[in-house]
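coords.cif (mmCIF, C-alpha atoms) appears below.
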data_input
loop_
_atom_site.group_PDB
_atom_site.id
_atom_site.type_symbol
_atom_site.label_atom_id
_atom_site.label_comp_id
_atom_site.auth_asym_id
_atom_site.auth_seq_id
_atom_site.Cartn_x
_atom_site.Cartn_y
_atom_site.Cartn_z
ATOM 1 C CA MET A 1 -51.128 10.017 -33.021
ATOM 2 C CA THR A 2 -48.275 9.959 -30.535
ATOM 3 C CA TYR A 3 -45.975 7.526 -28.813
ATOM 4 C CA CYS A 4 -43.999 8.413 -25.692
ATOM 5 C CA VAL A 5 -42.220 6.124 -23.245
ATOM 6 C CA ALA A 6 -40.286 6.775 -20.039
ATOM 7 C CA ILE A 7 -38.170 4.234 -18.167
ATOM 8 C CA THR A 8 -36.860 4.231 -14.610
ATOM 9 C CA MET A 9 -33.883 2.180 -13.421
ATOM 10 C CA ASP A 10 -31.462 2.374 -10.514
ATOM 11 C CA ALA A 11 -29.072 4.140 -12.889
ATOM 12 C CA GLY A 12 -31.519 6.889 -13.815
ATOM 13 C CA LEU A 13 -34.284 7.749 -16.277
ATOM 14 C CA VAL A 14 -34.773 7.524 -20.031
ATOM 15 C CA PHE A 15 -37.441 9.405 -22.004
ATOM 16 C CA CYS A 16 -38.342 8.928 -25.677
ATOM 17 C CA SER A 17 -40.993 10.584 -27.856
ATOM 18 C CA ASP A 18 -41.915 11.013 -31.482
ATOM 19 C CA SER A 19 -42.827 14.379 -33.010
ATOM 20 C CA ARG A 20 -45.671 13.641 -35.439
ATOM 21 C CA THR A 21 -49.045 15.195 -34.655
ATOM 22 C CA ASN A 22 -50.916 14.900 -37.939
ATOM 23 C CA ALA A 23 -50.380 12.409 -40.741
ATOM 24 C CA GLY A 24 -52.124 12.160 -44.073
ATOM 25 C CA VAL A 25 -51.495 11.851 -47.775
ATOM 26 C CA ASP A 26 -50.737 15.540 -48.191
ATOM 27 C CA GLN A 27 -50.084 16.810 -44.651
ATOM 28 C CA VAL A 28 -47.590 15.856 -41.978
ATOM 29 C CA SER A 29 -47.117 18.178 -38.991
ATOM 30 C CA THR A 30 -44.420 17.869 -36.365
ATOM 31 C CA TYR A 31 -44.240 19.311 -32.849
ATOM 32 C CA SER A 32 -41.940 18.367 -30.009
ATOM 33 C CA LYS A 33 -43.700 16.407 -27.253
ATOM 34 C CA MET A 34 -40.764 16.556 -24.837
ATOM 35 C CA PHE A 35 -40.261 19.505 -22.483
ATOM 36 C CA HIS A 36 -37.213 19.913 -20.254
ATOM 37 C CA PHE A 37 -37.225 21.957 -17.033
ATOM 38 C CA LYS A 38 -33.971 22.567 -15.194
ATOM 39 C CA ILE A 39 -34.398 24.623 -12.026
ATOM 40 C CA ALA A 40 -31.178 25.659 -10.310
ATOM 41 C CA ASP A 41 -29.026 22.626 -9.517
ATOM 42 C CA GLU A 42 -31.633 20.772 -7.491
ATOM 43 C CA ARG A 43 -34.473 20.013 -9.915
ATOM 44 C CA GLU A 44 -34.330 18.251 -13.260
ATOM 45 C CA LEU A 45 -37.719 17.478 -14.811
ATOM 46 C CA ILE A 46 -39.016 16.186 -18.143
ATOM 47 C CA ILE A 47 -42.629 16.273 -19.363
ATOM 48 C CA LEU A 48 -43.886 14.125 -22.259
ATOM 49 C CA SER A 49 -47.278 14.879 -23.785
ATOM 50 C CA ALA A 50 -49.905 13.071 -25.863
ATOM 51 C CA GLY A 51 -53.397 13.947 -26.975
ATOM 52 C CA ASN A 52 -55.058 17.128 -28.173
ATOM 53 C CA LEU A 53 -52.381 19.592 -29.284
ATOM 54 C CA ALA A 54 -54.289 22.684 -28.103
ATOM 55 C CA THR A 55 -54.593 21.195 -24.619
ATOM 56 C CA THR A 56 -50.983 20.018 -24.340
ATOM 57 C CA GLN A 57 -49.598 23.340 -25.544
ATOM 58 C CA ALA A 58 -51.818 25.277 -23.151
ATOM 59 C CA VAL A 59 -50.794 23.079 -20.220
ATOM 60 C CA VAL A 60 -47.076 23.415 -20.912
ATOM 61 C CA SER A 61 -47.442 27.174 -21.391
ATOM 62 C CA GLN A 62 -49.151 27.457 -17.993
ATOM 63 C CA VAL A 63 -46.395 25.397 -16.351
ATOM 64 C CA LYS A 64 -43.785 27.748 -17.822
ATOM 65 C CA ARG A 65 -45.736 30.855 -16.727
ATOM 66 C CA ASP A 66 -46.024 29.591 -13.159
ATOM 67 C CA ILE A 67 -42.251 29.162 -12.993
ATOM 68 C CA ARG A 68 -41.586 32.541 -14.599
ATOM 69 C CA ASP A 69 -44.082 34.405 -12.403
ATOM 70 C CA GLU A 70 -42.830 32.800 -9.175
ATOM 71 C CA ALA A 71 -46.264 31.284 -8.456
ATOM 72 C CA LEU A 72 -46.773 29.724 -5.029
ATOM 73 C CA THR A 73 -47.404 26.370 -6.720
ATOM 74 C CA SER A 74 -45.121 25.436 -9.591
ATOM 75 C CA LEU A 75 -42.474 22.930 -10.611
ATOM 76 C CA LYS A 76 -40.081 25.207 -8.746
ATOM 77 C CA THR A 77 -41.845 24.779 -5.382
ATOM 78 C CA LEU A 78 -43.494 21.346 -5.339
ATOM 79 C CA PRO A 79 -41.756 18.901 -2.970
ATOM 80 C CA ASP A 80 -41.825 15.691 -5.050
ATOM 81 C CA ILE A 81 -42.813 14.085 -8.355
ATOM 82 C CA SER A 82 -46.189 12.917 -7.029
ATOM 83 C CA GLU A 83 -47.177 16.470 -6.109
ATOM 84 C CA ALA A 84 -45.862 17.682 -9.475
ATOM 85 C CA ALA A 85 -48.056 15.100 -11.232
ATOM 86 C CA SER A 86 -51.135 16.244 -9.290
ATOM 87 C CA TYR A 87 -50.376 19.855 -10.184
ATOM 88 C CA LEU A 88 -49.966 18.948 -13.868
ATOM 89 C CA GLY A 89 -53.196 16.947 -13.807
ATOM 90 C CA GLU A 90 -55.185 19.841 -12.370
ATOM 91 C CA ILE A 91 -53.929 22.238 -15.037
ATOM 92 C CA SER A 92 -54.749 19.685 -17.737
ATOM 93 C CA ARG A 93 -58.264 19.085 -16.385
ATOM 94 C CA LEU A 94 -59.013 22.818 -16.301
ATOM 95 C CA GLU A 95 -57.702 23.362 -19.825
ATOM 96 C CA GLN A 96 -59.809 20.489 -21.157
ATOM 97 C CA GLU A 97 -62.907 21.969 -19.541
ATOM 98 C CA LYS A 98 -62.099 25.389 -20.982
ATOM 99 C CA HIS A 99 -61.720 24.080 -24.540
ATOM 100 C CA SER A 100 -64.772 21.818 -24.284
ATOM 101 C CA SER A 101 -66.993 24.719 -23.201
ATOM 102 C CA VAL A 102 -66.342 26.591 -26.450
ATOM 103 C CA GLY A 103 -68.921 25.920 -29.163
ATOM 104 C CA GLY A 104 -68.537 26.350 -32.898
ATOM 105 C CA PRO A 105 -66.903 23.885 -35.300
ATOM 106 C CA ASN A 106 -64.993 22.174 -32.472
ATOM 107 C CA ALA A 107 -68.112 21.329 -30.491
ATOM 108 C CA GLY A 108 -68.082 17.678 -29.495
ATOM 109 C CA ALA A 109 -64.368 17.245 -30.203
ATOM 110 C CA SER A 110 -62.125 15.481 -27.707
ATOM 111 C CA PHE A 111 -59.657 17.716 -25.905
ATOM 112 C CA GLU A 112 -58.194 14.979 -23.718
ATOM 113 C CA ALA A 113 -54.473 14.890 -23.032
ATOM 114 C CA SER A 114 -52.107 12.600 -21.151
ATOM 115 C CA PHE A 115 -48.675 13.336 -19.732
ATOM 116 C CA ILE A 116 -45.646 11.645 -18.270
ATOM 117 C CA ILE A 117 -43.621 13.682 -15.816
ATOM 118 C CA GLY A 118 -40.359 12.503 -14.355
ATOM 119 C CA GLY A 119 -37.042 13.585 -12.975
ATOM 120 C CA GLN A 120 -35.379 14.256 -9.673
ATOM 121 C CA ILE A 121 -36.169 16.811 -6.986
ATOM 122 C CA GLY A 122 -33.513 17.368 -4.336
ATOM 123 C CA SER A 123 -32.392 14.247 -2.520
ATOM 124 C CA ASP A 124 -35.398 12.159 -3.624
ATOM 125 C CA LYS A 125 -34.778 9.266 -5.987
ATOM 126 C CA PRO A 126 -35.577 9.881 -9.677
ATOM 127 C CA ARG A 127 -39.231 9.027 -10.277
ATOM 128 C CA LEU A 128 -41.887 8.875 -13.000
ATOM 129 C CA ALA A 129 -45.640 9.470 -13.018
ATOM 130 C CA MET A 130 -48.261 9.200 -15.745
ATOM 131 C CA VAL A 131 -51.084 11.745 -15.654
ATOM 132 C CA TYR A 132 -54.441 10.663 -17.060
ATOM 133 C CA PRO A 133 -56.883 13.043 -18.819
ATOM 134 C CA GLN A 134 -59.050 13.002 -15.668
ATOM 135 C CA GLY A 135 -56.165 14.524 -13.701
ATOM 136 C CA ASN A 136 -55.228 11.503 -11.577
ATOM 137 C CA HIS A 137 -51.881 9.756 -11.934
ATOM 138 C CA ILE A 138 -49.995 6.486 -11.437
ATOM 139 C CA THR A 139 -46.310 5.665 -10.968
ATOM 140 C CA THR A 140 -44.075 2.806 -12.064
ATOM 141 C CA SER A 141 -43.920 -0.457 -10.139
ATOM 142 C CA LYS A 142 -41.239 -3.037 -9.352
ATOM 143 C CA ASP A 143 -42.524 -5.293 -12.118
ATOM 144 C CA THR A 144 -43.196 -2.545 -14.676
ATOM 145 C CA PRO A 145 -40.395 0.039 -14.671
ATOM 146 C CA TYR A 146 -41.785 2.050 -17.581
ATOM 147 C CA LEU A 147 -44.761 4.221 -18.529
ATOM 148 C CA GLN A 148 -46.290 4.791 -21.972
ATOM 149 C CA ILE A 149 -48.760 7.257 -23.446
ATOM 150 C CA GLY A 150 -50.246 7.418 -26.913
ATOM 151 C CA GLU A 151 -49.977 4.456 -29.296
ATOM 152 C CA SER A 152 -48.483 2.086 -26.750
ATOM 153 C CA LYS A 153 -49.302 -1.475 -27.841
ATOM 154 C CA TYR A 154 -46.746 -1.974 -30.610
ATOM 155 C CA GLY A 155 -43.735 -0.931 -28.551
ATOM 156 C CA LYS A 156 -44.658 -2.782 -25.361
ATOM 157 C CA PRO A 157 -43.300 -6.333 -26.003
ATOM 158 C CA ILE A 158 -39.633 -5.308 -26.163
ATOM 159 C CA LEU A 159 -40.002 -3.298 -22.949
ATOM 160 C CA ASP A 160 -41.513 -6.255 -21.098
ATOM 161 C CA ARG A 161 -38.771 -8.609 -22.249
ATOM 162 C CA ILE A 162 -35.699 -6.435 -21.658
ATOM 163 C CA LEU A 163 -36.224 -3.941 -18.859
ATOM 164 C CA ASN A 164 -35.708 -4.275 -15.121
ATOM 165 C CA ARG A 165 -34.419 -2.036 -12.340
ATOM 166 C CA THR A 166 -30.780 -3.005 -12.994
ATOM 167 C CA THR A 167 -30.832 -2.261 -16.741
ATOM 168 C CA SER A 168 -28.115 0.196 -17.747
ATOM 169 C CA LEU A 169 -28.916 3.619 -19.191
ATOM 170 C CA GLU A 170 -27.311 2.538 -22.472
ATOM 171 C CA ASN A 171 -29.484 -0.558 -22.811
ATOM 172 C CA ALA A 172 -32.630 1.260 -21.668
ATOM 173 C CA SER A 173 -31.991 3.963 -24.279
ATOM 174 C CA ARG A 174 -31.604 1.399 -27.058
ATOM 175 C CA CYS A 175 -34.685 -0.431 -25.798
ATOM 176 C CA ALA A 176 -36.706 2.787 -25.940
ATOM 177 C CA LEU A 177 -35.554 3.447 -29.510
ATOM 178 C CA VAL A 178 -36.382 -0.105 -30.609
ATOM 179 C CA SER A 179 -39.788 0.282 -28.955
ATOM 180 C CA MET A 180 -40.270 3.493 -30.930
ATOM 181 C CA ASP A 181 -39.120 1.824 -34.160
ATOM 182 C CA SER A 182 -41.617 -1.031 -33.661
ATOM 183 C CA THR A 183 -44.390 1.521 -33.189
ATOM 184 C CA MET A 184 -43.427 3.518 -36.279
ATOM 185 C CA ARG A 185 -43.269 0.304 -38.317
ATOM 186 C CA SER A 186 -46.863 -0.609 -37.403
ATOM 187 C CA ASN A 187 -48.449 2.842 -37.221
ATOM 188 C CA LEU A 188 -47.642 5.512 -39.793
ATOM 189 C CA THR A 189 -49.156 8.250 -37.621
ATOM 190 C CA VAL A 190 -46.129 7.940 -35.314
ATOM 191 C CA GLY A 191 -42.937 9.296 -36.811
ATOM 192 C CA PRO A 192 -39.704 11.249 -36.547
ATOM 193 C CA PRO A 193 -38.018 13.390 -35.478
ATOM 194 C CA ILE A 194 -37.444 11.131 -32.454
ATOM 195 C CA GLU A 195 -36.290 12.746 -29.218
ATOM 196 C CA LEU A 196 -34.387 10.892 -26.501
ATOM 197 C CA ALA A 197 -33.422 12.207 -23.067
ATOM 198 C CA VAL A 198 -31.147 10.407 -20.611
ATOM 199 C CA TYR A 199 -30.898 11.406 -16.949
ATOM 200 C CA PRO A 200 -28.301 9.685 -14.681
ATOM 201 C CA THR A 201 -29.318 9.464 -11.019
ATOM 202 C CA ASP A 202 -28.105 12.407 -8.870
ATOM 203 C CA SER A 203 -26.488 14.136 -11.860
ATOM 204 C CA PHE A 204 -28.990 16.995 -12.248
ATOM 205 C CA ALA A 205 -27.970 17.042 -15.899
ATOM 206 C CA THR A 206 -29.915 15.628 -18.844
ATOM 207 C CA THR A 207 -28.412 14.615 -22.180
ATOM 208 C CA ARG A 208 -30.782 14.986 -25.111
ATOM 209 C CA PHE A 209 -30.655 13.477 -28.613
ATOM 210 C CA ARG A 210 -32.709 14.166 -31.721
ATOM 211 C CA TYR A 211 -32.970 11.680 -34.581
ATOM 212 C CA ASP A 212 -34.391 12.771 -37.933
ATOM 213 C CA ASP A 213 -35.724 10.280 -40.460
ATOM 214 C CA ASP A 214 -32.407 10.200 -42.338
ATOM 215 C CA ASP A 215 -30.236 9.934 -39.215
ATOM 216 C CA ASP A 216 -27.454 7.372 -39.685
ATOM 217 C CA TYR A 217 -27.779 5.837 -36.225
ATOM 218 C CA LEU A 218 -31.567 5.495 -36.437
ATOM 219 C CA ARG A 219 -31.258 3.878 -39.871
ATOM 220 C CA ASP A 220 -28.564 1.454 -38.644
ATOM 221 C CA LEU A 221 -30.664 0.573 -35.593
ATOM 222 C CA LYS A 222 -33.705 -0.235 -37.751
ATOM 223 C CA LYS A 223 -31.630 -2.348 -40.139
ATOM 224 C CA ALA A 224 -29.910 -4.284 -37.348
ATOM 225 C CA TRP A 225 -33.155 -4.925 -35.456
ATOM 226 C CA ASP A 226 -34.884 -6.235 -38.595
ATOM 227 C CA GLN A 227 -31.931 -8.498 -39.377
ATOM 228 C CA TYR A 228 -31.611 -9.893 -35.848
ATOM 229 C CA LEU A 229 -35.352 -10.556 -35.613
ATOM 230 C CA ILE A 230 -35.239 -12.620 -38.810
ATOM 231 C CA GLU A 231 -32.175 -14.508 -37.591
ATOM 232 C CA ALA A 232 -33.813 -15.225 -34.220
ATOM 233 C CA PHE A 233 -37.001 -16.413 -35.925
ATOM 234 C CA ASP A 234 -35.049 -18.764 -38.172
ATOM 235 C CA ARG A 235 -33.424 -20.311 -35.076
ATOM 236 C CA LEU A 236 -36.695 -21.115 -33.308
ATOM 237 C CA PRO A 237 -37.315 -24.821 -32.580
ATOM 238 C CA PRO A 238 -38.936 -26.447 -35.629
ATOM 239 C CA LEU A 239 -42.531 -27.569 -35.507
ATOM 240 C CA GLN A 240 -42.779 -31.275 -34.669
ATOM 241 C CA TRP A 241 -45.021 -32.585 -37.455
ATOM 242 C CA SER A 242 -45.059 -36.033 -35.868
ATOM 243 C CA ASP A 243 -47.048 -34.582 -32.966
ATOM 244 C CA ALA A 244 -49.801 -33.272 -35.232
ATOM 245 C CA GLN A 245 -53.236 -34.876 -35.060
ATOM 246 C CA SER A 246 -55.085 -36.025 -38.134
ATOM 247 C CA PRO A 247 -58.684 -34.840 -38.629
ATOM 248 C CA GLY A 248 -61.057 -36.751 -36.380
ATOM 249 C CA GLU A 249 -58.402 -37.850 -33.880
#
Please express the file's structure as structure tokens.
Amino acid sequence: MTYCVAITMDAGLVFCSDSRTNAGVDQVSTYSKMFHFKIADERELIILSAGNLATTQAVVSQVKRDIRDEALTSLKTLPDISEAASYLGEISRLEQEKHSSVGGPNAGASFEASFIIGGQIGSDKPRLAMVYPQGNHITTSKDTPYLQIGESKYGKPILDRILNRTTSLENASRCALVSMDSTMRSNLTVGPPIELAVYPTDSFATTRFRYDDDDDYLRDLKKAWDQYLIEAFDRLPPLQWSDAQSPGE
């Protein structure tokens, strides 16, 4: 399983992803799900991936080939994030069809994949788009300044409570990591190394972080979040037993 989240604010963009692709008693595999594309000094793009590993790797490889081979349509030539999302969706759809058409032991398997693509192209504002397995895409909204793919439900509450367009990059980064920690706590198929990318608006420069399972900061963050949650719970208004109804009332 996978969990990836991307956040957009006035200050810029934040991306966060885990690296676990297979989890079991005797097998844990890790692959990066974050791909960074810097093209000259006018394009800074990040792709996050979730879903079938064969599909996601094939899609990213094709994106890299199109840039390398100076294709007419590539992340180097597309005018905005929406067009880049459509391009990514078409490649993904074709790769899924290609894998699904092959018989053998993989017949009937799901080759679906989802992506988040975001960044800044030229003078446009930094933007995000989520690409569905069918190839279509959506963007963020005023009320929901983030996008998730993979195992999204466990990490959603903190995002809804904290984020808005004026959130700082620092707070959005911590929020993304807490969202990831909540997901890892509830789903063992999501796990480190955790990758974080921070893009300030108009900077055309991305700062990336990697947190392994034994990373001091990640461990301190988990410990502090657990402690503060317990403290907040203990300070909730007490239940008013006098308001309770007896059976039959």
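Neighbours of Gly12 (chain A) closer than or equal to 9 Å, with all atoms listed in the file counted and sequence neighbours fewer than 2 positions away skipped, come out as Ile7, Thr8, Met9, Asp10, Val14, Gly119, Lys125, Pro126, Arg127, Ser168, Leu169, Val198, Tyr199, Pro200, Thr201 and Asp202 of chain A.
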Now that the selection is made, can you save its residues with C-alpha atoms as a PDB file, keeping the file's coordinate frame?
ATOM      1  CA  ILE A   7     -38.170   4.234 -18.167  1.00  0.00           C
ATOM      2  CA  THR A   8     -36.860   4.231 -14.610  1.00  0.00           C
ATOM      3  CA  MET A   9     -33.883   2.180 -13.421  1.00  0.00           C
ATOM      4  CA  ASP A  10     -31.462   2.374 -10.514  1.00  0.00           C
ATOM      5  CA  VAL A  14     -34.773   7.524 -20.031  1.00  0.00           C
ATOM      6  CA  GLY A 119     -37.042  13.585 -12.975  1.00  0.00           C
ATOM      7  CA  LYS A 125     -34.778   9.266  -5.987  1.00  0.00           C
ATOM      8  CA  PRO A 126     -35.577   9.881  -9.677  1.00  0.00           C
ATOM      9  CA  ARG A 127     -39.231   9.027 -10.277  1.00  0.00           C
ATOM     10  CA  SER A 168     -28.115   0.196 -17.747  1.00  0.00           C
ATOM     11  CA  LEU A 169     -28.916   3.619 -19.191  1.00  0.00           C
ATOM     12  CA  VAL A 198     -31.147  10.407 -20.611  1.00  0.00           C
ATOM     13  CA  TYR A 199     -30.898  11.406 -16.949  1.00  0.00           C
ATOM     14  CA  PRO A 200     -28.301   9.685 -14.681  1.00  0.00           C
ATOM     15  CA  THR A 201     -29.318   9.464 -11.019  1.00  0.00           C
ATOM     16  CA  ASP A 202     -28.105  12.407  -8.870  1.00  0.00           C
TER      17      ASP A 202
END
Applying 10 Å and all atoms listed in the file, which residues near Thr73 (chain A) remain after dropping the ones on its own chain fewer than 4 positions away? List them as a VMD selection string.
chain A and resid 63 66 to 67 77 to 78 83 to 84 87
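Residues matched by the PyMOL selection byres ((chain A and resi 145-150) around 6) in this structure: Thr2, Tyr3, Cys4, Val5, Ala6, Ile7, Thr8, Ala50, Thr140, Ser141, Thr144, Glu151 and Ser152 of chain A.
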Mind telling me what the PyMOL selection byres ((chain A and resi 137) around 10) catches here, as number ranges by chain?
A: 82, 85-86, 88-89, 114-117, 129-136, 138-139
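Between CA of Asp181 (chain A) and CA of Leu45 (chain A) the separation is 24.9 Å.
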Could you write out as lines of an AutoDock Vina configuration file the box around region 214-233 of chain A (axis-aligned, all atoms listed in the file, 6 Å on each side), with centre and edge lengths in Å to one decimal?
center_x = -32.2
center_y = -3.1
center_z = -38.3
size_x = 21.5
size_y = 38.6
size_z = 20.1
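Checking A:Ser242, A:Thr207, A:Ser49, A:Ser74 one by one against Glu112 (chain A), counting only C-alpha atoms, you find the shortest gap at A:Ser49.
Taking CA of Ser110 (chain A) and CA of Arg20 (chain A) as endpoints, the distance between them is 18.3 Å.
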Residue by residue, what does the PyMOL selection byres ((chain A and resi 1) around 6) grab here? Present the result as a short mmCIF file (atom, residue, chain, number, x, y, z; two decimals) with C-alpha atoms, keeping the file's coordinate frame.
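File written: expr.cif
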data_model
loop_
_atom_site.label_atom_id
_atom_site.label_comp_id
_atom_site.auth_asym_id
_atom_site.auth_seq_id
_atom_site.Cartn_x
_atom_site.Cartn_y
_atom_site.Cartn_z
CA THR A 2 -48.28 9.96 -30.54
CA THR A 21 -49.04 15.20 -34.66
CA THR A 189 -49.16 8.25 -37.62
CA VAL A 190 -46.13 7.94 -35.31
#
